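File shown here: upload_4.txt, holding compact mmCIF, N, CA and C atoms.
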# COMPACT_ATOMS: atom_id res chain seq x y z
N MET A 297 -15.45 3.92 35.81
CA MET A 297 -15.06 4.27 37.16
C MET A 297 -14.14 3.18 37.71
N THR A 298 -13.09 3.55 38.38
CA THR A 298 -12.12 2.62 38.91
C THR A 298 -12.67 1.92 40.14
N ASP A 299 -12.38 0.62 40.23
CA ASP A 299 -12.86 -0.18 41.35
C ASP A 299 -11.79 -0.21 42.42
N TYR A 300 -12.09 0.28 43.62
CA TYR A 300 -11.11 0.36 44.70
C TYR A 300 -11.36 -0.67 45.81
N CYS A 301 -12.10 -1.74 45.51
CA CYS A 301 -12.33 -2.75 46.53
C CYS A 301 -11.15 -3.73 46.57
N PHE A 302 -11.17 -4.65 47.52
CA PHE A 302 -10.07 -5.60 47.71
C PHE A 302 -10.64 -7.02 47.80
N PRO A 303 -11.21 -7.54 46.69
CA PRO A 303 -11.85 -8.85 46.72
C PRO A 303 -10.84 -10.00 46.75
N ARG A 304 -11.34 -11.20 46.87
CA ARG A 304 -10.48 -12.39 46.97
C ARG A 304 -9.57 -12.57 45.76
N GLN A 305 -10.03 -12.22 44.57
CA GLN A 305 -9.21 -12.46 43.38
C GLN A 305 -7.99 -11.56 43.27
N VAL A 306 -7.89 -10.52 44.09
CA VAL A 306 -6.69 -9.67 44.08
C VAL A 306 -5.82 -9.88 45.32
N ARG A 307 -6.07 -11.01 46.03
CA ARG A 307 -5.29 -11.33 47.22
C ARG A 307 -4.55 -12.65 47.02
N LEU A 308 -3.37 -12.75 47.58
CA LEU A 308 -2.69 -14.04 47.68
C LEU A 308 -3.33 -14.76 48.86
N LEU A 309 -3.88 -15.95 48.63
CA LEU A 309 -4.72 -16.57 49.63
C LEU A 309 -4.09 -17.73 50.37
N ASN A 310 -3.20 -18.46 49.73
CA ASN A 310 -2.67 -19.65 50.40
C ASN A 310 -1.14 -19.66 50.38
N ALA A 311 -0.58 -20.61 51.09
CA ALA A 311 0.87 -20.69 51.24
C ALA A 311 1.56 -20.91 49.90
N GLY A 312 0.93 -21.62 48.99
CA GLY A 312 1.52 -21.86 47.68
C GLY A 312 1.70 -20.58 46.88
N ASP A 313 0.73 -19.68 46.99
CA ASP A 313 0.83 -18.38 46.30
C ASP A 313 2.02 -17.59 46.82
N TYR A 314 2.15 -17.54 48.14
CA TYR A 314 3.27 -16.82 48.75
C TYR A 314 4.60 -17.48 48.38
N GLN A 315 4.62 -18.82 48.41
CA GLN A 315 5.86 -19.54 48.14
C GLN A 315 6.34 -19.31 46.71
N SER A 316 5.42 -19.21 45.76
CA SER A 316 5.82 -18.96 44.38
C SER A 316 6.48 -17.59 44.23
N VAL A 317 6.01 -16.61 44.99
CA VAL A 317 6.64 -15.28 44.95
C VAL A 317 8.03 -15.33 45.59
N PHE A 318 8.13 -16.02 46.73
CA PHE A 318 9.43 -16.10 47.41
C PHE A 318 10.45 -16.90 46.59
N ASN A 319 10.00 -17.98 45.94
CA ASN A 319 10.92 -18.81 45.18
C ASN A 319 11.34 -18.19 43.86
N ASP A 320 10.41 -17.50 43.20
CA ASP A 320 10.68 -16.96 41.86
C ASP A 320 10.52 -15.45 41.83
N THR A 321 11.15 -14.76 42.75
CA THR A 321 11.06 -13.30 42.79
C THR A 321 11.72 -12.71 41.55
N SER A 322 10.97 -11.90 40.82
CA SER A 322 11.52 -11.29 39.62
C SER A 322 11.82 -9.80 39.81
N ALA A 323 11.33 -9.20 40.90
CA ALA A 323 11.65 -7.80 41.20
C ALA A 323 11.53 -7.57 42.70
N LYS A 324 12.42 -6.73 43.23
CA LYS A 324 12.39 -6.37 44.64
C LYS A 324 12.49 -4.85 44.76
N VAL A 325 11.74 -4.32 45.69
CA VAL A 325 11.86 -2.90 46.03
C VAL A 325 12.03 -2.83 47.54
N PHE A 326 13.20 -2.39 47.97
CA PHE A 326 13.49 -2.28 49.39
C PHE A 326 13.34 -0.82 49.79
N ALA A 327 12.50 -0.57 50.80
CA ALA A 327 12.23 0.80 51.22
C ALA A 327 12.51 0.99 52.71
N GLY A 328 13.55 0.37 53.21
CA GLY A 328 13.92 0.55 54.61
C GLY A 328 13.08 -0.28 55.55
N GLU A 329 11.90 0.19 55.88
CA GLU A 329 11.05 -0.48 56.85
C GLU A 329 10.12 -1.51 56.22
N PHE A 330 10.14 -1.64 54.91
CA PHE A 330 9.35 -2.68 54.25
C PHE A 330 10.01 -3.09 52.94
N LEU A 331 9.57 -4.25 52.45
CA LEU A 331 10.12 -4.83 51.24
C LEU A 331 8.96 -5.28 50.36
N LEU A 332 9.04 -4.98 49.08
CA LEU A 332 8.06 -5.48 48.12
C LEU A 332 8.74 -6.50 47.23
N LEU A 333 8.17 -7.69 47.15
CA LEU A 333 8.66 -8.75 46.28
C LEU A 333 7.60 -8.99 45.22
N ALA A 334 8.02 -9.16 43.97
CA ALA A 334 7.05 -9.34 42.89
C ALA A 334 7.45 -10.51 42.01
N TYR A 335 6.43 -11.17 41.50
CA TYR A 335 6.59 -12.28 40.57
C TYR A 335 5.73 -11.99 39.35
N LYS A 336 6.32 -12.08 38.15
CA LYS A 336 5.61 -11.79 36.91
C LYS A 336 4.67 -12.94 36.57
N ARG A 337 3.40 -12.61 36.39
CA ARG A 337 2.37 -13.60 36.04
C ARG A 337 2.20 -13.68 34.53
N ASN A 338 1.48 -14.71 34.09
CA ASN A 338 1.20 -14.87 32.66
C ASN A 338 -0.03 -14.10 32.21
N ASP A 339 -0.83 -13.61 33.15
CA ASP A 339 -2.02 -12.84 32.80
C ASP A 339 -1.90 -11.42 33.36
N ASP A 340 -2.96 -10.63 33.24
CA ASP A 340 -2.93 -9.24 33.68
C ASP A 340 -3.46 -9.04 35.09
N GLN A 341 -3.77 -10.11 35.79
CA GLN A 341 -4.28 -10.02 37.16
C GLN A 341 -3.15 -9.61 38.11
N THR A 342 -3.42 -8.68 39.00
CA THR A 342 -2.46 -8.26 40.02
C THR A 342 -3.00 -8.70 41.37
N ARG A 343 -2.14 -9.36 42.16
CA ARG A 343 -2.56 -9.84 43.48
C ARG A 343 -1.56 -9.37 44.53
N LEU A 344 -2.05 -9.18 45.74
CA LEU A 344 -1.23 -8.69 46.84
C LEU A 344 -1.35 -9.61 48.04
N GLY A 345 -0.21 -9.87 48.67
CA GLY A 345 -0.16 -10.59 49.93
C GLY A 345 0.54 -9.73 50.97
N LEU A 346 0.08 -9.77 52.20
CA LEU A 346 0.62 -8.93 53.27
C LEU A 346 1.23 -9.81 54.36
N ILE A 347 2.44 -9.44 54.78
CA ILE A 347 3.08 -10.13 55.90
C ILE A 347 3.51 -9.05 56.90
N VAL A 348 2.79 -9.00 58.01
CA VAL A 348 3.11 -8.07 59.10
C VAL A 348 3.10 -8.91 60.38
N SER A 349 4.27 -9.25 60.85
CA SER A 349 4.38 -10.19 61.98
C SER A 349 4.28 -9.48 63.32
N LYS A 350 4.12 -10.30 64.38
CA LYS A 350 4.10 -9.76 65.74
C LYS A 350 5.44 -9.19 66.11
N LYS A 351 6.49 -9.68 65.49
CA LYS A 351 7.83 -9.14 65.75
C LYS A 351 7.91 -7.68 65.27
N THR A 352 7.18 -7.37 64.22
CA THR A 352 7.17 -6.01 63.67
C THR A 352 6.42 -5.05 64.58
N ASP A 353 5.25 -5.46 65.03
CA ASP A 353 4.44 -4.64 65.94
C ASP A 353 3.67 -5.59 66.86
N LYS A 354 3.85 -5.43 68.14
CA LYS A 354 3.25 -6.34 69.12
C LYS A 354 1.73 -6.26 69.18
N THR A 355 1.17 -5.09 68.88
CA THR A 355 -0.27 -4.91 69.03
C THR A 355 -1.00 -5.19 67.71
N ALA A 356 -2.16 -5.81 67.82
CA ALA A 356 -2.98 -6.08 66.64
C ALA A 356 -3.44 -4.78 65.99
N VAL A 357 -3.69 -3.77 66.80
CA VAL A 357 -4.10 -2.47 66.27
C VAL A 357 -3.03 -1.90 65.35
N GLY A 358 -1.78 -1.99 65.77
CA GLY A 358 -0.67 -1.48 64.96
C GLY A 358 -0.48 -2.27 63.68
N ARG A 359 -0.58 -3.61 63.77
CA ARG A 359 -0.44 -4.44 62.57
C ARG A 359 -1.58 -4.17 61.59
N ASN A 360 -2.78 -4.04 62.10
CA ASN A 360 -3.93 -3.76 61.24
C ASN A 360 -3.84 -2.38 60.59
N ARG A 361 -3.29 -1.40 61.30
CA ARG A 361 -3.09 -0.07 60.73
C ARG A 361 -2.17 -0.14 59.52
N ILE A 362 -1.07 -0.88 59.65
CA ILE A 362 -0.11 -1.01 58.55
C ILE A 362 -0.77 -1.70 57.37
N LYS A 363 -1.47 -2.80 57.63
CA LYS A 363 -2.13 -3.54 56.54
C LYS A 363 -3.19 -2.69 55.86
N ARG A 364 -3.93 -1.93 56.64
CA ARG A 364 -4.97 -1.07 56.08
C ARG A 364 -4.37 -0.02 55.14
N LEU A 365 -3.26 0.59 55.55
CA LEU A 365 -2.60 1.59 54.72
C LEU A 365 -2.05 0.98 53.43
N VAL A 366 -1.47 -0.21 53.54
CA VAL A 366 -0.91 -0.87 52.36
C VAL A 366 -2.03 -1.26 51.39
N ARG A 367 -3.12 -1.80 51.91
CA ARG A 367 -4.25 -2.16 51.03
C ARG A 367 -4.81 -0.94 50.33
N GLU A 368 -4.96 0.14 51.06
CA GLU A 368 -5.48 1.38 50.46
C GLU A 368 -4.55 1.87 49.35
N SER A 369 -3.27 1.87 49.62
CA SER A 369 -2.30 2.32 48.63
C SER A 369 -2.29 1.40 47.42
N PHE A 370 -2.37 0.09 47.65
CA PHE A 370 -2.40 -0.89 46.56
C PHE A 370 -3.62 -0.67 45.66
N ARG A 371 -4.77 -0.41 46.26
CA ARG A 371 -5.98 -0.21 45.47
C ARG A 371 -5.83 0.97 44.51
N HIS A 372 -5.10 1.98 44.91
CA HIS A 372 -4.91 3.15 44.06
C HIS A 372 -3.83 2.93 43.00
N HIS A 373 -2.95 1.96 43.21
CA HIS A 373 -1.83 1.76 42.29
C HIS A 373 -1.88 0.42 41.56
N LYS A 374 -2.96 -0.36 41.72
CA LYS A 374 -2.96 -1.69 41.10
C LYS A 374 -3.04 -1.63 39.58
N LEU A 375 -3.52 -0.55 39.01
CA LEU A 375 -3.56 -0.44 37.56
C LEU A 375 -2.16 -0.24 36.97
N THR A 376 -1.24 0.31 37.75
CA THR A 376 0.12 0.52 37.25
C THR A 376 0.99 -0.71 37.42
N THR A 377 0.54 -1.68 38.21
CA THR A 377 1.34 -2.89 38.47
C THR A 377 0.61 -4.13 37.99
N THR A 378 0.10 -4.12 36.76
CA THR A 378 -0.67 -5.25 36.26
C THR A 378 0.22 -6.44 35.96
N GLY A 379 -0.33 -7.62 36.17
CA GLY A 379 0.37 -8.85 35.85
C GLY A 379 1.40 -9.29 36.87
N LEU A 380 1.24 -8.88 38.12
CA LEU A 380 2.22 -9.23 39.15
C LEU A 380 1.54 -9.85 40.37
N ASP A 381 2.25 -10.79 40.98
CA ASP A 381 1.92 -11.23 42.33
C ASP A 381 2.89 -10.50 43.24
N ILE A 382 2.40 -9.76 44.21
CA ILE A 382 3.23 -8.90 45.06
C ILE A 382 3.07 -9.31 46.51
N VAL A 383 4.20 -9.39 47.22
CA VAL A 383 4.18 -9.63 48.65
C VAL A 383 4.77 -8.40 49.34
N PHE A 384 4.02 -7.84 50.28
CA PHE A 384 4.49 -6.75 51.12
C PHE A 384 4.99 -7.37 52.41
N LEU A 385 6.26 -7.15 52.72
CA LEU A 385 6.88 -7.71 53.92
C LEU A 385 7.30 -6.56 54.83
N ALA A 386 6.61 -6.42 55.95
CA ALA A 386 6.93 -5.35 56.91
C ALA A 386 8.18 -5.73 57.68
N ARG A 387 9.01 -4.74 57.98
CA ARG A 387 10.25 -4.98 58.70
C ARG A 387 10.28 -4.13 59.97
N ASN A 388 11.27 -4.37 60.81
CA ASN A 388 11.38 -3.62 62.06
C ASN A 388 11.46 -2.12 61.80
N GLY A 389 10.79 -1.36 62.60
CA GLY A 389 10.82 0.09 62.49
C GLY A 389 9.62 0.68 61.80
N ILE A 390 8.80 -0.14 61.16
CA ILE A 390 7.65 0.41 60.43
C ILE A 390 6.59 0.95 61.38
N LYS A 391 6.53 0.42 62.61
CA LYS A 391 5.50 0.90 63.54
C LYS A 391 5.76 2.32 64.00
N GLU A 392 7.01 2.80 63.92
CA GLU A 392 7.33 4.17 64.31
C GLU A 392 6.94 5.20 63.25
N ILE A 393 6.67 4.75 62.04
CA ILE A 393 6.33 5.67 60.95
C ILE A 393 4.84 5.98 61.04
N ASP A 394 4.51 7.27 61.03
CA ASP A 394 3.10 7.65 61.08
C ASP A 394 2.48 7.55 59.68
N ASN A 395 1.15 7.63 59.63
CA ASN A 395 0.43 7.44 58.37
C ASN A 395 0.84 8.44 57.30
N GLU A 396 1.04 9.69 57.69
CA GLU A 396 1.38 10.73 56.71
C GLU A 396 2.76 10.50 56.10
N SER A 397 3.66 9.86 56.81
CA SER A 397 4.99 9.57 56.27
C SER A 397 5.01 8.27 55.48
N LEU A 398 4.16 7.32 55.86
CA LEU A 398 4.16 6.02 55.21
C LEU A 398 3.51 6.08 53.83
N ARG A 399 2.48 6.88 53.66
CA ARG A 399 1.78 6.95 52.37
C ARG A 399 2.70 7.35 51.22
N PRO A 400 3.50 8.42 51.33
CA PRO A 400 4.39 8.74 50.20
C PRO A 400 5.47 7.69 49.96
N ARG A 401 5.91 7.02 51.02
CA ARG A 401 6.89 5.95 50.84
C ARG A 401 6.29 4.79 50.06
N LEU A 402 5.05 4.46 50.37
CA LEU A 402 4.36 3.40 49.63
C LEU A 402 4.16 3.81 48.18
N ASP A 403 3.74 5.06 47.95
CA ASP A 403 3.54 5.55 46.58
C ASP A 403 4.83 5.43 45.78
N LYS A 404 5.94 5.82 46.38
CA LYS A 404 7.23 5.74 45.70
C LYS A 404 7.60 4.29 45.41
N ALA A 405 7.34 3.39 46.35
CA ALA A 405 7.66 1.97 46.15
C ALA A 405 6.82 1.37 45.02
N TRP A 406 5.52 1.69 44.97
CA TRP A 406 4.69 1.19 43.87
C TRP A 406 5.20 1.71 42.54
N SER A 407 5.61 2.97 42.48
CA SER A 407 6.14 3.55 41.24
C SER A 407 7.42 2.84 40.80
N GLN A 408 8.30 2.56 41.76
CA GLN A 408 9.53 1.84 41.43
C GLN A 408 9.22 0.44 40.92
N LEU A 409 8.26 -0.22 41.54
CA LEU A 409 7.89 -1.56 41.12
C LEU A 409 7.26 -1.54 39.72
N ALA A 410 6.43 -0.55 39.45
CA ALA A 410 5.82 -0.42 38.12
C ALA A 410 6.88 -0.15 37.07
N LYS A 411 7.88 0.65 37.42
CA LYS A 411 8.97 0.94 36.49
C LYS A 411 9.77 -0.32 36.18
N LYS A 412 10.03 -1.12 37.19
CA LYS A 412 10.76 -2.37 36.97
C LYS A 412 9.93 -3.35 36.16
N ALA A 413 8.61 -3.33 36.36
CA ALA A 413 7.73 -4.23 35.62
C ALA A 413 7.65 -3.86 34.14
N LYS A 414 7.75 -2.57 33.83
CA LYS A 414 7.69 -2.13 32.44
C LYS A 414 9.00 -2.38 31.71
N ASN A 415 10.10 -2.43 32.44
CA ASN A 415 11.41 -2.64 31.83
C ASN A 415 11.73 -4.14 31.86
N PRO A 416 11.63 -4.82 30.71
CA PRO A 416 11.83 -6.27 30.71
C PRO A 416 13.24 -6.70 31.11
N SER A 417 14.22 -5.85 30.93
CA SER A 417 15.58 -6.24 31.30
C SER A 417 15.75 -6.29 32.82
N GLN A 418 14.95 -5.50 33.57
CA GLN A 418 15.02 -5.53 35.03
C GLN A 418 14.09 -6.58 35.61
N MET A 419 13.14 -7.05 34.85
CA MET A 419 12.15 -7.99 35.35
C MET A 419 12.44 -9.36 34.76
N LYS A 420 12.81 -10.31 35.58
CA LYS A 420 13.12 -11.65 35.12
C LYS A 420 11.88 -12.51 35.25
N LYS A 421 11.48 -13.15 34.17
CA LYS A 421 10.34 -14.06 34.21
C LYS A 421 10.91 -15.47 34.25
N ARG A 422 10.56 -16.20 35.28
CA ARG A 422 11.10 -17.55 35.46
C ARG A 422 10.00 -18.57 35.28
N SER A 423 10.39 -19.73 34.82
CA SER A 423 9.42 -20.81 34.69
C SER A 423 9.32 -21.54 36.01
N HIS A 424 8.17 -22.08 36.29
CA HIS A 424 7.99 -22.84 37.54
C HIS A 424 8.65 -24.19 37.40
N SER A 425 9.55 -24.49 38.29
CA SER A 425 10.17 -25.80 38.33
C SER A 425 10.29 -26.23 39.77
N LYS A 426 10.00 -27.47 40.01
CA LYS A 426 10.08 -28.00 41.38
C LYS A 426 11.53 -28.24 41.74
N GLN A 427 11.95 -27.69 42.85
CA GLN A 427 13.32 -27.91 43.32
C GLN A 427 13.27 -28.85 44.51
N LYS A 428 14.25 -29.75 44.57
CA LYS A 428 14.31 -30.70 45.68
C LYS A 428 15.33 -30.27 46.70
Full structure transcribed into structure tokens:
Amino acid sequence: MTDYCFPRQVRLLNAGDYQSVFNDTSAKVFAGEFLLLAYKRNDDQTRLGLIVSKKTDKTAVGRNRIKRLVRESFRHHKLTTTGLDIVFLARNGIKEIDNESLRPRLDKAWSQLAKKAKNPSQMKKRSHSKQK
């Protein structure tokens, strides 16, 4: 049976985790109102980080709605995106999209990301190096 929970080991937890994805992005999926950034890991663990700022939606209820939908969608698609650290970055205009419209957009974005992850020519794996 598939596990649909969202424990600590499938989350990006600290600033260093997020920074590694931003510095060494190996795949991007732009979907208008949101952006998915991915970094290829050395193991099969998939982790997700969420960035939904106050600039995107002023109300905590709205920001939490977006995060809840993304987490739910990620739980259903994490088996297709194995071995990636993923950052979901919400952009202006996402608060106007209702739940029924956002779900298929997220599904399509996860599929595009999985396709890029399977194709090694589209997915660049970079070594960690400290830049000054």
For the atom pair CA of Leu346 (chain A) and CA of Lys363 (chain A), what is the interatomic distance in Å to one decimal place?
6.9 Å
Tell me, in Å to one decimal, how far atom N of Ile362 (chain A) is from CA of Lys350 (chain A).
11.9 Å
Fewer than 4 positions away in the same chain doesn't count, so skip those; otherwise give me all residues within 8 Å of Leu365 (chain A), counting all atoms listed in the file, as a JSON list (two decimals) with N, CA and C atoms, in the coordinates of the input.
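Written file, result_9.json:
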[["chain", "number", "residue", "atom", "x", "y", "z"],
["A", 359, "ARG", "N", -0.58, -3.61, 63.77],
["A", 359, "ARG", "CA", -0.44, -4.44, 62.57],
["A", 359, "ARG", "C", -1.58, -4.17, 61.59],
["A", 360, "ASN", "N", -2.78, -4.04, 62.10],
["A", 360, "ASN", "CA", -3.93, -3.76, 61.24],
["A", 360, "ASN", "C", -3.84, -2.38, 60.59],
["A", 361, "ARG", "N", -3.29, -1.40, 61.30],
["A", 361, "ARG", "CA", -3.09, -0.07, 60.73],
["A", 361, "ARG", "C", -2.17, -0.14, 59.52],
["A", 369, "SER", "N", -3.27, 1.87, 49.62],
["A", 369, "SER", "CA", -2.30, 2.32, 48.63],
["A", 369, "SER", "C", -2.29, 1.40, 47.42],
["A", 370, "PHE", "N", -2.37, 0.09, 47.65],
["A", 370, "PHE", "CA", -2.40, -0.89, 46.56],
["A", 370, "PHE", "C", -3.62, -0.67, 45.66],
["A", 371, "ARG", "N", -4.77, -0.41, 46.26],
["A", 371, "ARG", "CA", -5.98, -0.21, 45.47],
["A", 371, "ARG", "C", -5.83, 0.97, 44.51],
["A", 395, "ASN", "N", 1.15, 7.63, 59.63],
["A", 395, "ASN", "CA", 0.43, 7.44, 58.37],
["A", 395, "ASN", "C", 0.84, 8.44, 57.30],
["A", 398, "LEU", "N", 4.16, 7.32, 55.86],
["A", 398, "LEU", "CA", 4.16, 6.02, 55.21],
["A", 398, "LEU", "C", 3.51, 6.08, 53.83],
["A", 399, "ARG", "N", 2.48, 6.88, 53.66],
["A", 399, "ARG", "CA", 1.78, 6.95, 52.37],
["A", 399, "ARG", "C", 2.70, 7.35, 51.22],
["A", 402, "LEU", "N", 5.05, 4.46, 50.37],
["A", 402, "LEU", "CA", 4.36, 3.40, 49.63],
["A", 402, "LEU", "C", 4.16, 3.81, 48.18]]
Please build the interface table for region 304-352 of chain A against region 405-409 of chain A with a cut-off of 8 Å, listing for each qualifying residue the nearest atom pair and the distance in Å to one decimal; count only N, CA and C atoms, order rows by chain and increasing number, and write it as a Markdown table.
| residue | atom | partner | partner_atom | distance |
| --- | --- | --- | --- | --- |
| A:Ala323 | C | A:Leu409 | CA | 7.2 |
| A:Lys324 | C | A:Leu409 | CA | 6.7 |
| A:Val325 | CA | A:Leu409 | N | 6.3 |
| A:Phe326 | N | A:Ala405 | CA | 7.3 |
| A:Ala327 | CA | A:Ala405 | CA | 6.9 |
| A:Leu332 | CA | A:Ala405 | C | 7.6 |
Could you please take those selected residues and save N, CA and C atoms as an mmCIF file, keeping the file's coordinate frame?
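Below you can see part29.cif, which holds the result:
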data_model
loop_
_atom_site.group_PDB
_atom_site.id
_atom_site.type_symbol
_atom_site.label_atom_id
_atom_site.label_comp_id
_atom_site.auth_asym_id
_atom_site.auth_seq_id
_atom_site.Cartn_x
_atom_site.Cartn_y
_atom_site.Cartn_z
ATOM 1 N N ALA A 323 11.330 -9.200 40.900
ATOM 2 C CA ALA A 323 11.650 -7.800 41.200
ATOM 3 C C ALA A 323 11.530 -7.570 42.700
ATOM 4 N N LYS A 324 12.420 -6.730 43.230
ATOM 5 C CA LYS A 324 12.390 -6.370 44.640
ATOM 6 C C LYS A 324 12.490 -4.850 44.760
ATOM 7 N N VAL A 325 11.740 -4.320 45.690
ATOM 8 C CA VAL A 325 11.860 -2.900 46.030
ATOM 9 C C VAL A 325 12.030 -2.830 47.540
ATOM 10 N N PHE A 326 13.200 -2.390 47.970
ATOM 11 C CA PHE A 326 13.490 -2.280 49.390
ATOM 12 C C PHE A 326 13.340 -0.820 49.790
ATOM 13 N N ALA A 327 12.500 -0.570 50.800
ATOM 14 C CA ALA A 327 12.230 0.800 51.220
ATOM 15 C C ALA A 327 12.510 0.990 52.710
ATOM 16 N N LEU A 332 9.040 -4.980 49.080
ATOM 17 C CA LEU A 332 8.060 -5.480 48.120
ATOM 18 C C LEU A 332 8.740 -6.500 47.230
#
Atomic separation - atom N of Asn415 (chain A) relative to atom C of Val348 (chain A), Å:
29.5 Å
Could you give me, as a PyMOL selection string, each residue of chain A that DSSP assigns to strand (DSSP E or B) when run on this structure's backbone?
chain A and resi 307+323-326+330-336+343-347+380-386
Mind completing region 381-396 of chain A with N, CA, C and O atoms? Output as a PDB file, in the coordinates of the input, please?
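In the end it all went to part26.pdb:
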ATOM      1  N   ASP A 381       2.250 -10.790  40.980  1.00  0.00           N
ATOM      2  CA  ASP A 381       1.920 -11.230  42.330  1.00  0.00           C
ATOM      3  C   ASP A 381       2.890 -10.500  43.240  1.00  0.00           C
ATOM      4  O   ASP A 381       4.110 -10.601  43.055  1.00  0.00           O
ATOM      5  N   ILE A 382       2.400  -9.760  44.210  1.00  0.00           N
ATOM      6  CA  ILE A 382       3.230  -8.900  45.060  1.00  0.00           C
ATOM      7  C   ILE A 382       3.070  -9.310  46.510  1.00  0.00           C
ATOM      8  O   ILE A 382       1.954  -9.541  46.973  1.00  0.00           O
ATOM      9  N   VAL A 383       4.200  -9.390  47.220  1.00  0.00           N
ATOM     10  CA  VAL A 383       4.180  -9.630  48.650  1.00  0.00           C
ATOM     11  C   VAL A 383       4.770  -8.400  49.340  1.00  0.00           C
ATOM     12  O   VAL A 383       5.873  -7.965  49.000  1.00  0.00           O
ATOM     13  N   PHE A 384       4.020  -7.840  50.280  1.00  0.00           N
ATOM     14  CA  PHE A 384       4.490  -6.750  51.120  1.00  0.00           C
ATOM     15  C   PHE A 384       4.990  -7.370  52.410  1.00  0.00           C
ATOM     16  O   PHE A 384       4.248  -8.052  53.110  1.00  0.00           O
ATOM     17  N   LEU A 385       6.260  -7.150  52.720  1.00  0.00           N
ATOM     18  CA  LEU A 385       6.880  -7.710  53.920  1.00  0.00           C
ATOM     19  C   LEU A 385       7.300  -6.560  54.830  1.00  0.00           C
ATOM     20  O   LEU A 385       8.211  -5.800  54.492  1.00  0.00           O
ATOM     21  N   ALA A 386       6.610  -6.420  55.950  1.00  0.00           N
ATOM     22  CA  ALA A 386       6.930  -5.350  56.910  1.00  0.00           C
ATOM     23  C   ALA A 386       8.180  -5.730  57.680  1.00  0.00           C
ATOM     24  O   ALA A 386       8.393  -6.904  58.005  1.00  0.00           O
ATOM     25  N   ARG A 387       9.010  -4.740  57.980  1.00  0.00           N
ATOM     26  CA  ARG A 387      10.250  -4.980  58.700  1.00  0.00           C
ATOM     27  C   ARG A 387      10.280  -4.130  59.970  1.00  0.00           C
ATOM     28  O   ARG A 387       9.404  -3.279  60.172  1.00  0.00           O
ATOM     29  N   ASN A 388      11.270  -4.370  60.810  1.00  0.00           N
ATOM     30  CA  ASN A 388      11.380  -3.620  62.060  1.00  0.00           C
ATOM     31  C   ASN A 388      11.460  -2.120  61.800  1.00  0.00           C
ATOM     32  O   ASN A 388      12.118  -1.681  60.861  1.00  0.00           O
ATOM     33  N   GLY A 389      10.790  -1.360  62.600  1.00  0.00           N
ATOM     34  CA  GLY A 389      10.820   0.090  62.490  1.00  0.00           C
ATOM     35  C   GLY A 389       9.620   0.680  61.800  1.00  0.00           C
ATOM     36  O   GLY A 389       9.414   1.897  61.833  1.00  0.00           O
ATOM     37  N   ILE A 390       8.800  -0.140  61.160  1.00  0.00           N
ATOM     38  CA  ILE A 390       7.650   0.410  60.430  1.00  0.00           C
ATOM     39  C   ILE A 390       6.590   0.950  61.380  1.00  0.00           C
ATOM     40  O   ILE A 390       5.855   1.875  61.052  1.00  0.00           O
ATOM     41  N   LYS A 391       6.530   0.420  62.610  1.00  0.00           N
ATOM     42  CA  LYS A 391       5.500   0.900  63.540  1.00  0.00           C
ATOM     43  C   LYS A 391       5.760   2.320  64.000  1.00  0.00           C
ATOM     44  O   LYS A 391       4.842   3.013  64.422  1.00  0.00           O
ATOM     45  N   GLU A 392       7.010   2.800  63.920  1.00  0.00           N
ATOM     46  CA  GLU A 392       7.330   4.170  64.310  1.00  0.00           C
ATOM     47  C   GLU A 392       6.940   5.200  63.250  1.00  0.00           C
ATOM     48  O   GLU A 392       6.914   6.393  63.521  1.00  0.00           O
ATOM     49  N   ILE A 393       6.670   4.750  62.040  1.00  0.00           N
ATOM     50  CA  ILE A 393       6.330   5.670  60.950  1.00  0.00           C
ATOM     51  C   ILE A 393       4.840   5.980  61.040  1.00  0.00           C
ATOM     52  O   ILE A 393       4.007   5.078  61.091  1.00  0.00           O
ATOM     53  N   ASP A 394       4.510   7.270  61.030  1.00  0.00           N
ATOM     54  CA  ASP A 394       3.100   7.650  61.080  1.00  0.00           C
ATOM     55  C   ASP A 394       2.480   7.550  59.680  1.00  0.00           C
ATOM     56  O   ASP A 394       3.170   7.380  58.684  1.00  0.00           O
ATOM     57  N   ASN A 395       1.150   7.630  59.630  1.00  0.00           N
ATOM     58  CA  ASN A 395       0.430   7.440  58.370  1.00  0.00           C
ATOM     59  C   ASN A 395       0.840   8.440  57.300  1.00  0.00           C
ATOM     60  O   ASN A 395       0.976   8.084  56.135  1.00  0.00           O
ATOM     61  N   GLU A 396       1.040   9.690  57.690  1.00  0.00           N
ATOM     62  CA  GLU A 396       1.380  10.730  56.710  1.00  0.00           C
ATOM     63  C   GLU A 396       2.760  10.500  56.100  1.00  0.00           C
ATOM     64  O   GLU A 396       3.025  10.914  54.967  1.00  0.00           O
TER      65      GLU A 396
END
